[in-house]
Amino acid sequence: MRDLVHRSEPLPGVMAFDFAGGRITAMNDLILAELRTPTTTPDNIHGDNILNRRATECLFDRRPRPPGLSALAERLYAALAVYIGQRHPALIGAPFRHRSWCNHYKPNEGVPWHDHAETPVVAVYSVKGEGGDLIIQDRANPQRCHRVETPTGRLIFMDGRMRHCSSPNFGPVETRVSLPVNFTFGHDPHPTSS
């Protein structure tokens, strides 16, 4: 996979792909520019002029697809093939749909505990910022949690049933931006991607 510098499995059911280099920095800058809007988003808790996190359309469905998101999609789909090949082999070759949005965290902001139970596979790409991490609840022992770091350029895949939250952005004054993606699979006559 182009620009992949490390792949790891920080805990069962979770796979992390770390991308780095000048092309990744340029890609992330493009993505940030592509997510800018001329007006304040309705949900101003999660950012001012970054695309509304409650967008109903998948960011990757935009046509024409902007260059930054196109470059990320290439890496996202290649990593998805690796993840489902190891974690969900029954889904290999199945058509899929996806929905993605933007999370924009100002200092001291995060996301409370939740899961994506209806979604077999969830991915999260860290576009910008170092100030917070993904916290995942242990399925065997709900009293135990695991911390997965989310440095810029990291793409994390996990089972949608895994309960998780995003720790508050305790980093510097800059915002933290991530792109979550929910993947659903099936024989829809009009899949978003295959």
# chains A, B, ... in the order shown; residues from 1 in each chain; ligands from 1

$ residues_around --residues "A:Asn108" --least-positions-apart "3" --cutoff "6 Å" --atoms "only C-alpha atoms" --output "JSON, numbers by chain"
{"A": [168, 169, 170]}

$ select_by_dssp --residues "chain A" --states "helix (DSSP H, G or I)" --output "JSON, numbers by chain"
{"A": [22, 23, 24, 25, 26, 27, 28, 29, 30, 31, 32, 33, 34, 44, 45, 46, 59, 60, 61, 67, 68, 69, 70, 71, 72, 73, 74, 75, 76, 77, 78, 79, 80, 81, 82, 83, 84, 85, 86, 87, 89, 90, 91]}

$ closest_residue --among "A:Pro67, A:Gly186, A:Gly110, A:Pro120" --to "A:Leu80" --atoms "only C-alpha atoms"
A:Pro120

$ residues_around --residues "A:Thr25" --least-positions-apart "5" --cutoff "10 Å" --atoms "only C-alpha atoms" --output "ChimeraX atom specification"
/A:19-20,30-31,127-128,152-153

$ closest_atom_pairs --of "stretch 4-42 of chain A" --to "stretch 176-181 of chain A" --cutoff "12 Å" --atoms "only C-alpha atoms" --output "tab-separated table"
residue	atom	partner	partner_atom	distance
A:Asn28	CA	A:Val177	CA	9.9
A:Asp29	CA	A:Val177	CA	11.3
A:Ile31	CA	A:Leu179	CA	9.9
A:Leu32	CA	A:Val177	CA	8.3
A:Ala33	CA	A:Val177	CA	11.9
A:Leu35	CA	A:Val177	CA	10.1
A:Arg36	CA	A:Val177	CA	11.7

$ select_by_dssp --residues "stretch 8-164 of chain A" --states "strand (DSSP E or B)" --output "ChimeraX atom specification"
/A:8-11,14-19,36,50,96-100,103-105,111-114,121-128,133-137,145-149,154-159,164

$ write_last_selection --atoms "C-alpha atoms" --output "mmCIF file, in the first residue's frame"
data_model
loop_
_atom_site.group_PDB
_atom_site.id
_atom_site.type_symbol
_atom_site.label_atom_id
_atom_site.label_comp_id
_atom_site.auth_asym_id
_atom_site.auth_seq_id
_atom_site.Cartn_x
_atom_site.Cartn_y
_atom_site.Cartn_z
ATOM 1 C CA SER A 8 -0.479 -3.138 13.725
ATOM 2 C CA GLU A 9 -3.229 -4.891 15.663
ATOM 3 C CA PRO A 10 -3.328 -2.996 18.972
ATOM 4 C CA LEU A 11 -6.087 -5.248 20.347
ATOM 5 C CA VAL A 14 -8.791 -3.642 15.754
ATOM 6 C CA MET A 15 -6.310 -2.984 12.947
ATOM 7 C CA ALA A 16 -4.293 0.222 12.498
ATOM 8 C CA PHE A 17 -2.580 1.423 9.330
ATOM 9 C CA ASP A 18 -0.078 4.260 9.662
ATOM 10 C CA PHE A 19 0.569 6.402 6.598
ATOM 11 C CA ARG A 36 -14.197 23.894 4.585
ATOM 12 C CA ILE A 50 -15.612 22.497 8.905
ATOM 13 C CA PHE A 96 -20.644 -2.382 0.136
ATOM 14 C CA ARG A 97 -22.070 0.994 0.935
ATOM 15 C CA HIS A 98 -20.485 3.494 3.228
ATOM 16 C CA ARG A 99 -21.253 6.719 5.030
ATOM 17 C CA SER A 100 -18.628 9.084 6.306
ATOM 18 C CA ASN A 103 -15.455 15.080 13.407
ATOM 19 C CA HIS A 104 -13.876 18.428 14.285
ATOM 20 C CA TYR A 105 -12.726 18.718 17.893
ATOM 21 C CA VAL A 111 -17.218 12.058 21.641
ATOM 22 C CA PRO A 112 -19.093 10.121 24.379
ATOM 23 C CA TRP A 113 -19.394 6.327 24.571
ATOM 24 C CA HIS A 114 -21.237 4.744 21.663
ATOM 25 C CA VAL A 121 -16.994 -2.443 9.924
ATOM 26 C CA VAL A 122 -16.039 1.034 11.115
ATOM 27 C CA ALA A 123 -12.954 2.971 10.043
ATOM 28 C CA VAL A 124 -11.572 6.228 11.436
ATOM 29 C CA TYR A 125 -8.891 8.280 9.678
ATOM 30 C CA SER A 126 -6.998 10.952 11.616
ATOM 31 C CA VAL A 127 -6.547 13.979 9.348
ATOM 32 C CA LYS A 128 -5.092 16.485 11.797
ATOM 33 C CA ASP A 133 -7.210 9.060 21.420
ATOM 34 C CA LEU A 134 -9.751 6.348 20.712
ATOM 35 C CA ILE A 135 -10.830 4.481 23.864
ATOM 36 C CA ILE A 136 -12.324 1.018 23.257
ATOM 37 C CA GLN A 137 -14.208 -1.020 25.840
ATOM 38 C CA CYS A 145 -10.776 -0.143 28.420
ATOM 39 C CA HIS A 146 -8.022 0.060 25.832
ATOM 40 C CA ARG A 147 -6.431 3.239 24.536
ATOM 41 C CA VAL A 148 -5.529 3.400 20.835
ATOM 42 C CA GLU A 149 -3.470 6.424 19.847
ATOM 43 C CA ARG A 154 -3.487 6.695 11.185
ATOM 44 C CA LEU A 155 -6.388 4.697 9.747
ATOM 45 C CA ILE A 156 -8.119 2.426 12.281
ATOM 46 C CA PHE A 157 -10.577 -0.378 11.463
ATOM 47 C CA MET A 158 -12.759 -2.125 14.034
ATOM 48 C CA ASP A 159 -15.951 -4.074 14.456
ATOM 49 C CA HIS A 164 -15.813 3.268 22.070
#

$ closest_residue --among "A:Met162, A:Ala90, A:Ala81, A:Leu69" --to "A:Glu118" --atoms "only C-alpha atoms"
A:Met162
